[in-house]
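Participant: This one is work-v9.cif, mmCIF, C-alpha atoms.
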data_model
#
loop_
_atom_site.group_PDB
_atom_site.id
_atom_site.type_symbol
_atom_site.label_atom_id
_atom_site.label_comp_id
_atom_site.auth_asym_id
_atom_site.auth_seq_id
_atom_site.Cartn_x
_atom_site.Cartn_y
_atom_site.Cartn_z
ATOM 1 C CA MET S 1 102.245 78.890 92.268
ATOM 2 C CA ASN S 2 100.099 75.758 91.673
ATOM 3 C CA SER S 3 96.468 76.028 90.603
ATOM 4 C CA ARG S 4 95.093 75.100 94.046
ATOM 5 C CA LEU S 5 96.965 77.924 95.774
ATOM 6 C CA LEU S 6 96.162 80.377 93.004
ATOM 7 C CA ARG S 7 92.466 79.630 93.397
ATOM 8 C CA GLY S 8 92.803 80.071 97.150
ATOM 9 C CA ALA S 9 94.496 83.432 96.734
ATOM 10 C CA THR S 10 91.849 84.452 94.207
ATOM 11 C CA THR S 11 89.018 83.573 96.575
ATOM 12 C CA LEU S 12 90.585 85.503 99.414
ATOM 13 C CA LEU S 13 91.386 88.492 97.241
ATOM 14 C CA ALA S 14 87.794 88.496 96.053
ATOM 15 C CA ALA S 15 86.865 88.670 99.729
ATOM 16 C CA VAL S 16 89.126 91.693 100.100
ATOM 17 C CA LEU S 17 87.390 93.389 97.172
ATOM 18 C CA LEU S 18 83.928 92.544 98.432
ATOM 19 C CA LEU S 19 84.528 93.253 102.124
ATOM 20 C CA SER S 20 86.012 96.724 101.710
ATOM 21 C CA THR S 21 82.633 98.141 102.548
ATOM 22 C CA ALA S 22 84.045 100.866 104.750
ATOM 23 C CA SER S 23 85.681 102.540 101.764
ATOM 24 C CA SER S 24 83.376 105.547 101.937
ATOM 25 C CA LEU S 25 84.551 106.445 105.435
ATOM 26 C CA PRO S 26 87.454 108.897 105.915
ATOM 27 C CA ALA S 27 90.434 107.237 107.576
ATOM 28 C CA THR S 28 94.206 107.261 107.696
ATOM 29 C CA ALA S 29 95.708 104.144 106.101
ATOM 30 C CA ASP S 30 98.248 102.367 108.271
ATOM 31 C CA GLY S 31 101.845 102.959 107.239
ATOM 32 C CA SER S 32 101.006 105.591 104.648
ATOM 33 C CA PRO S 33 101.896 109.192 105.449
ATOM 34 C CA THR S 34 99.450 111.952 104.683
ATOM 35 C CA PRO S 35 100.898 113.640 101.564
ATOM 36 C CA GLY S 36 100.015 117.151 102.702
ATOM 37 C CA ALA S 37 101.673 116.613 106.076
ATOM 38 C CA GLU S 38 105.107 115.956 104.593
ATOM 39 C CA ALA S 39 104.908 118.072 101.468
ATOM 40 C CA GLU S 40 107.505 120.560 102.687
ATOM 41 C CA ALA S 41 109.992 117.689 102.939
ATOM 42 C CA ALA S 42 109.198 116.873 99.316
ATOM 43 C CA ALA S 43 109.488 120.405 97.969
ATOM 44 C CA GLU S 44 112.105 119.597 95.321
ATOM 45 C CA THR S 45 111.759 117.252 92.356
ATOM 46 C CA GLY S 46 113.936 114.158 92.692
ATOM 47 C CA THR S 47 116.329 113.130 89.931
ATOM 48 C CA GLY S 48 117.526 109.827 88.544
ATOM 49 C CA ARG S 49 115.655 106.842 87.202
ATOM 50 C CA THR S 50 114.164 104.309 89.590
ATOM 51 C CA VAL S 51 111.894 101.262 89.596
ATOM 52 C CA ILE S 52 109.333 101.043 92.398
ATOM 53 C CA GLY S 53 107.627 97.718 93.042
ATOM 54 C CA ASP S 54 106.887 97.888 96.758
ATOM 55 C CA GLY S 55 105.363 100.553 98.989
ATOM 56 C CA HIS S 56 103.248 103.659 98.656
ATOM 57 C CA ILE S 57 103.243 106.172 95.798
ATOM 58 C CA ASP S 58 100.732 108.764 94.640
ATOM 59 C CA ILE S 59 100.110 110.381 91.271
ATOM 60 C CA GLY S 60 99.041 113.985 91.451
ATOM 61 C CA PRO S 61 99.429 117.578 90.287
ATOM 62 C CA ARG S 62 101.786 120.066 91.858
ATOM 63 C CA PHE S 63 103.422 123.386 91.100
ATOM 64 C CA ASP S 64 107.064 122.592 90.322
ATOM 65 C CA GLN S 65 109.025 125.872 90.258
ATOM 66 C CA GLY S 66 105.754 127.661 89.598
ATOM 67 C CA HIS S 67 104.647 125.354 86.758
ATOM 68 C CA TRP S 68 101.634 123.054 86.990
ATOM 69 C CA THR S 69 102.662 119.470 86.266
ATOM 70 C CA VAL S 70 101.682 115.875 86.972
ATOM 71 C CA GLN S 71 104.276 114.032 89.041
ATOM 72 C CA ILE S 72 104.585 110.971 91.272
ATOM 73 C CA ARG S 73 105.066 111.356 95.000
ATOM 74 C CA ASP S 74 107.497 108.635 96.101
ATOM 75 C CA ASP S 75 106.849 107.725 99.734
ATOM 76 C CA THR S 76 109.300 104.809 99.533
ATOM 77 C CA SER S 77 112.096 107.382 99.642
ATOM 78 C CA HIS S 78 113.067 108.939 102.970
ATOM 79 C CA PRO S 79 112.255 111.741 103.060
ATOM 80 C CA ALA S 80 109.452 111.490 100.517
ATOM 81 C CA VAL S 81 110.112 113.156 97.171
ATOM 82 C CA TRP S 82 108.151 114.096 94.066
ATOM 83 C CA ARG S 83 109.515 112.631 90.827
ATOM 84 C CA ASN S 84 108.861 113.175 87.124
ATOM 85 C CA THR S 85 106.776 110.404 85.579
ATOM 86 C CA GLY S 86 109.508 109.740 83.005
ATOM 87 C CA ASP S 87 111.931 108.860 85.803
ATOM 88 C CA ILE S 88 109.803 106.088 87.323
ATOM 89 C CA VAL S 89 108.744 102.616 86.250
ATOM 90 C CA LEU S 90 105.948 101.233 88.427
ATOM 91 C CA GLN S 91 106.443 97.489 88.773
ATOM 92 C CA VAL S 92 103.522 95.052 89.065
ATOM 93 C CA LYS S 93 105.100 91.809 90.262
ATOM 94 C CA ASP S 94 103.889 88.301 89.552
ATOM 95 C CA ALA S 95 102.749 88.178 93.189
ATOM 96 C CA ALA S 96 99.866 90.387 92.004
ATOM 97 C CA LYS S 97 98.584 87.713 89.597
ATOM 98 C CA ILE S 98 95.123 86.339 90.444
ATOM 99 C CA GLU S 99 92.202 84.670 88.712
ATOM 100 C CA VAL S 100 89.100 86.732 87.969
ATOM 101 C CA PRO S 101 86.559 85.778 90.659
ATOM 102 C CA ALA S 102 83.109 84.515 89.791
ATOM 103 C CA GLY S 103 80.308 87.020 89.892
ATOM 104 C CA GLU S 104 78.778 89.392 87.376
ATOM 105 C CA GLU S 105 80.089 92.381 89.315
ATOM 106 C CA PHE S 106 83.650 91.495 88.213
ATOM 107 C CA GLY S 107 82.771 90.747 84.599
ATOM 108 C CA PHE S 108 84.619 93.864 83.440
ATOM 109 C CA LEU S 109 87.900 92.123 84.413
ATOM 110 C CA GLY S 110 87.249 89.167 82.114
ATOM 111 C CA LYS S 111 85.767 85.701 82.423
ATOM 112 C CA PRO S 112 85.920 83.833 85.757
ATOM 113 C CA GLY S 113 89.251 82.048 85.919
ATOM 114 C CA ASP S 114 91.055 84.451 83.559
ATOM 115 C CA GLN S 115 94.358 85.669 84.957
ATOM 116 C CA VAL S 116 94.916 89.330 85.746
ATOM 117 C CA TRP S 117 97.645 91.255 87.553
ATOM 118 C CA LEU S 118 95.935 93.381 90.183
ATOM 119 C CA LEU S 119 97.332 96.007 92.552
ATOM 120 C CA PRO S 120 94.527 96.161 95.130
ATOM 121 C CA GLN S 121 92.948 99.132 96.834
ATOM 122 C CA VAL S 122 93.982 97.604 100.164
ATOM 123 C CA GLN S 123 97.716 97.812 100.914
ATOM 124 C CA GLN S 124 99.544 94.473 100.826
ATOM 125 C CA GLU S 125 103.057 93.690 101.984
ATOM 126 C CA GLY S 126 105.656 93.389 99.242
ATOM 127 C CA MET S 127 103.494 94.979 96.538
ATOM 128 C CA LEU S 128 103.194 98.422 95.014
ATOM 129 C CA TRP S 129 100.339 100.507 96.460
ATOM 130 C CA PRO S 130 99.606 103.330 93.987
ATOM 131 C CA GLY S 131 97.070 106.038 94.700
ATOM 132 C CA TRP S 132 96.393 109.606 93.632
ATOM 133 C CA ASN S 133 96.124 112.838 95.578
ATOM 134 C CA SER S 134 95.469 116.563 95.338
ATOM 135 C CA GLN S 135 97.119 117.425 98.660
ATOM 136 C CA GLU S 136 100.303 119.230 97.687
ATOM 137 C CA PRO S 137 99.965 122.438 99.769
ATOM 138 C CA LYS S 138 99.821 124.928 96.895
ATOM 139 C CA ILE S 139 97.351 122.723 95.013
ATOM 140 C CA ALA S 140 95.167 122.381 98.117
ATOM 141 C CA ALA S 141 95.263 126.138 98.737
ATOM 142 C CA GLU S 142 94.803 127.484 95.200
ATOM 143 C CA VAL S 143 92.680 125.022 93.183
ATOM 144 C CA GLU S 144 88.951 125.670 92.841
ATOM 145 C CA ARG S 145 87.036 122.627 94.075
ATOM 146 C CA GLU S 146 88.553 119.737 92.068
ATOM 147 C CA VAL S 147 91.153 118.423 89.647
ATOM 148 C CA THR S 148 90.017 116.704 86.445
ATOM 149 C CA TRP S 149 91.988 113.515 85.784
ATOM 150 C CA LYS S 150 91.799 112.040 82.272
ATOM 151 C CA LEU S 151 93.035 108.808 80.732
ATOM 152 C CA THR S 152 93.852 109.739 77.139
ATOM 153 C CA GLY S 153 95.776 106.729 75.844
ATOM 154 C CA VAL S 154 96.765 103.146 76.688
ATOM 155 C CA LYS S 155 99.591 101.208 75.037
ATOM 156 C CA GLY S 156 100.356 97.677 76.151
ATOM 157 C CA PRO S 157 100.050 93.970 75.432
ATOM 158 C CA GLY S 158 96.685 93.687 77.212
ATOM 159 C CA ASP S 159 93.903 95.699 78.777
ATOM 160 C CA PHE S 160 93.969 98.143 81.702
ATOM 161 C CA VAL S 161 91.164 98.879 84.167
ATOM 162 C CA LEU S 162 91.142 101.092 87.260
ATOM 163 C CA PHE S 163 88.230 100.630 89.659
ATOM 164 C CA LEU S 164 87.119 101.343 93.219
ATOM 165 C CA ASN S 165 85.314 99.216 95.782
ATOM 166 C CA GLY S 166 82.259 101.222 96.707
ATOM 167 C CA SER S 167 79.581 100.675 99.319
ATOM 168 C CA PHE S 168 78.637 97.017 99.846
ATOM 169 C CA GLY S 169 81.708 95.953 97.860
ATOM 170 C CA THR S 170 80.188 97.019 94.529
ATOM 171 C CA PRO S 171 83.001 97.920 92.108
ATOM 172 C CA THR S 172 82.950 101.274 90.335
ATOM 173 C CA VAL S 173 85.067 101.485 87.172
ATOM 174 C CA LEU S 174 86.933 104.782 86.789
ATOM 175 C CA PHE S 175 88.997 103.989 83.680
ATOM 176 C CA ASP S 176 88.642 101.157 81.159
ATOM 177 C CA GLY S 177 91.245 101.168 78.395
ATOM 178 C CA ARG S 178 89.040 98.972 76.174
ATOM 179 C CA LYS S 179 86.462 101.728 75.832
ATOM 180 C CA LYS S 180 86.546 105.013 73.955
ATOM 181 C CA LEU S 181 89.112 107.511 75.200
ATOM 182 C CA PRO S 182 89.517 110.023 76.707
ATOM 183 C CA GLN S 183 87.773 109.136 79.957
ATOM 184 C CA GLU S 184 87.764 111.341 83.022
ATOM 185 C CA THR S 185 87.092 111.435 86.744
ATOM 186 C CA GLY S 186 87.218 114.208 89.338
ATOM 187 C CA ILE S 187 89.586 114.484 92.312
ATOM 188 C CA GLU S 188 88.249 116.807 94.965
ATOM 189 C CA VAL S 189 90.825 119.256 96.256
ATOM 190 C CA ASN S 190 92.895 118.110 99.248
ATOM 191 C CA THR S 191 91.967 114.430 98.899
ATOM 192 C CA HIS S 192 93.838 111.142 98.658
ATOM 193 C CA VAL S 193 92.402 107.989 97.051
ATOM 194 C CA HIS S 194 93.447 104.388 96.369
ATOM 195 C CA GLY S 195 91.936 102.016 93.824
ATOM 196 C CA ASN S 196 92.435 98.657 92.132
ATOM 197 C CA TRP S 197 94.788 98.693 89.115
ATOM 198 C CA ALA S 198 94.229 95.689 86.828
ATOM 199 C CA PHE S 199 96.278 94.516 83.831
ATOM 200 C CA THR S 200 95.315 91.483 81.753
ATOM 201 C CA GLU S 201 98.699 90.522 80.249
ATOM 202 C CA PRO S 202 102.356 90.789 81.301
ATOM 203 C CA GLY S 203 104.592 93.375 79.672
ATOM 204 C CA THR S 204 105.025 97.141 79.436
ATOM 205 C CA TYR S 205 102.067 99.505 79.673
ATOM 206 C CA LEU S 206 102.151 103.223 78.906
ATOM 207 C CA LEU S 207 99.185 105.163 80.268
ATOM 208 C CA ASP S 208 98.790 108.675 78.895
ATOM 209 C CA VAL S 209 97.080 110.861 81.482
ATOM 210 C CA SER S 210 96.324 114.512 82.047
ATOM 211 C CA MET S 211 95.322 116.524 85.099
ATOM 212 C CA SER S 212 93.729 119.937 84.801
ATOM 213 C CA ALA S 213 92.111 122.477 87.072
ATOM 214 C CA ARG S 214 91.202 126.122 87.493
ATOM 215 C CA THR S 215 92.844 128.077 90.284
ATOM 216 C CA LYS S 216 91.150 130.736 92.373
ATOM 217 C CA ASP S 217 92.833 133.470 90.313
ATOM 218 C CA GLY S 218 90.824 132.297 87.284
ATOM 219 C CA LYS S 219 93.718 130.647 85.437
ATOM 220 C CA SER S 220 93.383 127.227 83.808
ATOM 221 C CA HIS S 221 96.116 124.632 84.132
ATOM 222 C CA ASP S 222 96.672 121.346 82.279
ATOM 223 C CA SER S 223 99.505 118.811 82.271
ATOM 224 C CA LYS S 224 99.820 115.702 80.080
ATOM 225 C CA ARG S 225 102.175 112.907 81.139
ATOM 226 C CA THR S 226 102.805 109.179 80.624
ATOM 227 C CA LEU S 227 102.790 106.596 83.433
ATOM 228 C CA GLN S 228 105.127 103.649 82.874
ATOM 229 C CA PHE S 229 104.137 100.221 84.248
ATOM 230 C CA SER S 230 106.051 96.954 84.008
ATOM 231 C CA VAL S 231 103.795 93.934 84.572
ATOM 232 C CA GLY S 232 105.020 90.421 85.313
ATOM 233 C CA SER S 233 108.486 88.909 85.415
ATOM 234 C CA GLN S 234 110.180 90.946 82.666
ATOM 235 C CA ASP S 235 113.077 93.290 83.422
ATOM 236 C CA PRO S 236 111.175 96.433 84.512
ATOM 237 C CA ALA S 237 113.891 98.687 83.056
ATOM 238 C CA LYS S 238 112.527 97.787 79.612
ATOM 239 C CA ALA S 239 109.680 100.210 80.242
ATOM 240 C CA PHE S 240 112.086 103.159 80.047
ATOM 241 C CA ALA S 241 113.078 102.170 76.498
ATOM 242 C CA ALA S 242 109.440 101.575 75.565
ATOM 243 C CA LYS S 243 108.579 105.182 76.348
ATOM 244 C CA THR S 244 111.378 106.374 74.065
ATOM 245 C CA SER S 245 110.152 104.209 71.197
ATOM 246 C CA ALA S 246 106.578 105.370 71.759
ATOM 247 C CA GLY S 247 107.630 109.007 71.556
ATOM 248 C CA PRO S 248 107.430 111.770 74.150
ATOM 249 C CA SER S 249 104.352 112.605 76.132
ATOM 250 C CA PRO S 250 101.940 114.901 74.289
ATOM 251 C CA ALA S 251 102.810 118.581 74.474
ATOM 252 C CA PRO S 252 100.791 120.536 77.036
ATOM 253 C CA ASP S 253 97.922 122.733 75.971
ATOM 254 C CA SER S 254 99.174 126.286 75.615
ATOM 255 C CA GLY S 255 96.598 128.151 77.723
ATOM 256 C CA LYS S 256 97.757 131.296 79.444
ATOM 257 C CA PRO S 257 101.510 131.818 79.937
ATOM 258 C CA ALA S 258 101.233 131.816 83.730
ATOM 259 C CA ALA S 259 99.456 128.454 83.613
ATOM 260 C CA SER S 260 101.981 126.656 81.390
ATOM 261 C CA GLU S 261 104.101 123.703 82.491
ATOM 262 C CA PRO S 262 107.717 122.754 81.835
ATOM 263 C CA PRO S 263 108.094 121.696 78.176
ATOM 264 C CA SER S 264 109.128 118.124 78.959
ATOM 265 C CA ASP S 265 108.821 115.473 81.615
ATOM 266 C CA GLU S 266 111.423 113.177 80.052
ATOM 267 C CA SER S 267 113.867 111.370 82.316
ATOM 268 C CA SER S 268 116.709 113.456 83.793
ATOM 269 C CA ALA S 269 119.250 110.674 83.674
ATOM 270 C CA PRO S 270 93.411 112.527 101.127
ATOM 271 C CA LEU S 271 90.006 111.411 100.423
ATOM 272 C CA TRP S 272 91.089 108.422 102.520
ATOM 273 C CA TRP S 273 89.344 105.139 101.844
ATOM 274 C CA GLY S 274 88.758 103.210 105.061
ATOM 275 C CA ILE S 275 89.370 99.503 105.369
ATOM 276 C CA GLY S 276 87.008 97.287 107.354
ATOM 277 C CA ALA S 277 88.483 94.842 109.825
ATOM 278 C CA ALA S 278 87.253 91.912 107.767
ATOM 279 C CA ALA S 279 89.011 93.223 104.670
ATOM 280 C CA ALA S 280 92.244 93.618 106.599
ATOM 281 C CA VAL S 281 92.052 90.009 107.776
ATOM 282 C CA ALA S 282 91.328 88.801 104.267
ATOM 283 C CA ALA S 283 94.238 90.833 102.875
ATOM 284 C CA LEU S 284 96.564 89.247 105.418
ATOM 285 C CA ALA S 285 95.323 85.816 104.449
ATOM 286 C CA VAL S 286 96.016 86.509 100.785
ATOM 287 C CA THR S 287 99.589 87.473 101.636
ATOM 288 C CA VAL S 288 100.027 84.257 103.615
ATOM 289 C CA VAL S 289 98.707 82.149 100.736
ATOM 290 C CA TRP S 290 100.992 83.847 98.244
ATOM 291 C CA ARG S 291 103.982 83.370 100.533
ATOM 292 C CA ARG S 292 103.103 79.714 101.053
ATOM 293 C CA GLY S 293 102.727 79.247 97.306
ATOM 294 C CA ARG S 294 106.168 80.691 96.681
ATOM 295 C CA ARG S 295 107.730 78.458 99.305
ATOM 296 C CA GLU S 296 106.059 75.324 97.961
ATOM 297 C CA THR S 297 106.985 76.020 94.359
ATOM 298 C CA GLY S 298 110.466 77.360 95.150
ATOM 299 C CA SER S 299 109.734 80.632 93.365
ATOM 300 C CA THR S 300 111.028 83.978 94.570
ATOM 301 C CA THR S 301 109.632 87.501 94.451
ATOM 302 C CA PRO S 302 111.780 90.092 92.636
ATOM 303 C CA ALA S 303 113.283 92.742 94.890
ATOM 304 C CA SER S 304 111.115 95.811 94.983
ATOM 305 C CA ARG S 305 113.989 98.260 95.283
ATOM 306 C CA GLY S 306 117.715 98.306 95.682
ATOM 307 C CA GLU S 307 118.664 95.114 93.821
ATOM 308 C CA GLY S 308 119.525 96.372 90.396
ATOM 309 C CA GLU S 309 116.403 98.509 90.047
ATOM 310 C CA ASP S 310 117.736 102.031 90.508
ATOM 311 C CA GLN S 311 118.895 103.149 87.122
#
Could I get this file's structure written as structure tokens?

Facilitator:
Amino acid sequence: MNSRLLRGATTLLAAVLLLSTASSLPATADGSPTPGAEAEAAAETGTGRTVIGDGHIDIGPRFDQGHWTVQIRDDTSHPAVWRNTGDIVLQVKDAAKIEVPAGEEFGFLGKPGDQVWLLPQVQQEGMLWPGWNSQEPKIAAEVEREVTWKLTGVKGPGDFVLFLNGSFGTPTVLFDGRKKLPQETGIEVNTHVHGNWAFTEPGTYLLDVSMSARTKDGKSHDSKRTLQFSVGSQDPAKAFAAKTSAGPSPAPDSGKPAASEPPSDESSAPLWWGIGAAAAVAALAVTVVWRRGRRETGSTTPASRGEGEDQ
């Protein structure tokens, strides 16, 4: 993509970030199923490695065979299925690359003009749309009030930031890998949220996370897992090997026996945020600019699924 088109995409994406002023209003996002509504169809844990670079996924806790664990709900599969984090690489394509917009409110992303790979809070065609939820039926029914989500470690070639567009487009940073860890945020029970996932360099990122909660029977539950991201044009399958070299996810806290989780998540082989009409138009314009840029430069977007990605 040439610099003129990249700047155009950046300006329009900045408009998306700034115009998402309806994000505090409950709403159902177009094309994204409500996790709780289809949870019975996703009762079993899927098997087999896969790369997901397009469509909707959610990170969240669930009781898998009676054990509390953090998994990824894959809504790109039909029917939807929960998968172990070690079985999935989340791909951030080069189509997500933008320049940091001007404005002090985005200073946490870097200097204006710096390049970042950003998966936006607003869904965009051809790109991964990751969120998080606490809507699995047993979680929604048994958890007291909220789930505590922590970022405990970041490994990668650059920096990682997760932030939300709040009222009046003001960004709220949830996690910043450059600052002292662990960091935490709360997920109210039976909610579903999307945010902006930003990475400053291409390559493999391993995000160590945990989700914990107390259930109504007084038991405490905690699960520690690693999210695997592949950013940029590299072969996303490399992220599977990176997790092996980095070692397994930290062992879960012992706690009470009834609250323990399966010993390993290694590979086996909503609060809805509304989108204002202006943000939707701006998001569409960004997609058009990116498409035009790819046509003019002769570049292609890697296949999101099905073309050599399922491992």

Participant: My list of candidates is S:Val143, S:Trp82, S:Thr204, S:Ser210. Which is closest to S:Pro236 when distances are computed with all atoms listed in the file?

Facilitator: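 Of the candidates, the smallest distance to S:Pro236 is held by S:Thr204.
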
Participant: Could you jot down the atom CA of S:Lys155 to atom CA of S:Ala239 separation for me, Å, one decimal place?

Facilitator: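 Here the two named atoms are 11.4 Å from each other.
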
Participant: For S:Trp68, which of S:Arg214, S:Lys238, S:Arg49, S:Lys97 is the closest residue, counting all atoms listed in the file?

Facilitator: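 For S:Trp68, the nearest of the given residues is S:Arg214.
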
Participant: Quick one: residues within 8 Å of S:Ile187, only C-alpha atoms counted, chain neighbours fewer than 4 positions away excluded, as a PDB file with C-alpha atoms, in the coordinates of the input?

Facilitator:
ATOM      1  CA  ASN S 133      96.124 112.838  95.578  1.00  0.00           C
ATOM      2  CA  SER S 134      95.469 116.563  95.338  1.00  0.00           C
ATOM      3  CA  GLU S 146      88.553 119.737  92.068  1.00  0.00           C
ATOM      4  CA  VAL S 147      91.153 118.423  89.647  1.00  0.00           C
ATOM      5  CA  THR S 148      90.017 116.704  86.445  1.00  0.00           C
ATOM      6  CA  TRP S 149      91.988 113.515  85.784  1.00  0.00           C
ATOM      7  CA  THR S 191      91.967 114.430  98.899  1.00  0.00           C
TER       8      THR S 191
END

Participant: Need to verify the contact set: S:Glu144, 9 Å, all atoms listed in the file, exclusion of same-chain residues closer than 5 positions in sequence. Can you return it as an mmCIF file with C-alpha atoms, in the coordinates of the input?

Facilitator:
data_model
loop_
_atom_site.group_PDB
_atom_site.id
_atom_site.type_symbol
_atom_site.label_atom_id
_atom_site.label_comp_id
_atom_site.auth_asym_id
_atom_site.auth_seq_id
_atom_site.Cartn_x
_atom_site.Cartn_y
_atom_site.Cartn_z
ATOM 1 C CA VAL S 189 90.825 119.256 96.256
ATOM 2 C CA ALA S 213 92.111 122.477 87.072
ATOM 3 C CA ARG S 214 91.202 126.122 87.493
ATOM 4 C CA THR S 215 92.844 128.077 90.284
ATOM 5 C CA LYS S 216 91.150 130.736 92.373
ATOM 6 C CA GLY S 218 90.824 132.297 87.284
#

Participant: Once the PyMOL selection byres ((chain S and resi 226) around 6) is applied to the coordinates I shared, what remains selected? I want it as a PDB file with C-alpha atoms, keeping the file's coordinate frame.

Facilitator:
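Below is the file that was written, part23.pdb:
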ATOM      1  CA  LEU S 207      99.185 105.163  80.268  1.00  0.00           C
ATOM      2  CA  ASP S 208      98.790 108.675  78.895  1.00  0.00           C
ATOM      3  CA  ARG S 225     102.175 112.907  81.139  1.00  0.00           C
ATOM      4  CA  LEU S 227     102.790 106.596  83.433  1.00  0.00           C
ATOM      5  CA  SER S 249     104.352 112.605  76.132  1.00  0.00           C
TER       6      SER S 249
END

Participant: For atom CA of S:Ser212 and atom CA of S:Trp129, quote the distance in Å rounded to one decimal.

Facilitator: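 According to the coordinates, atom CA of S:Ser212 and atom CA of S:Trp129 are separated by 23.6 Å.
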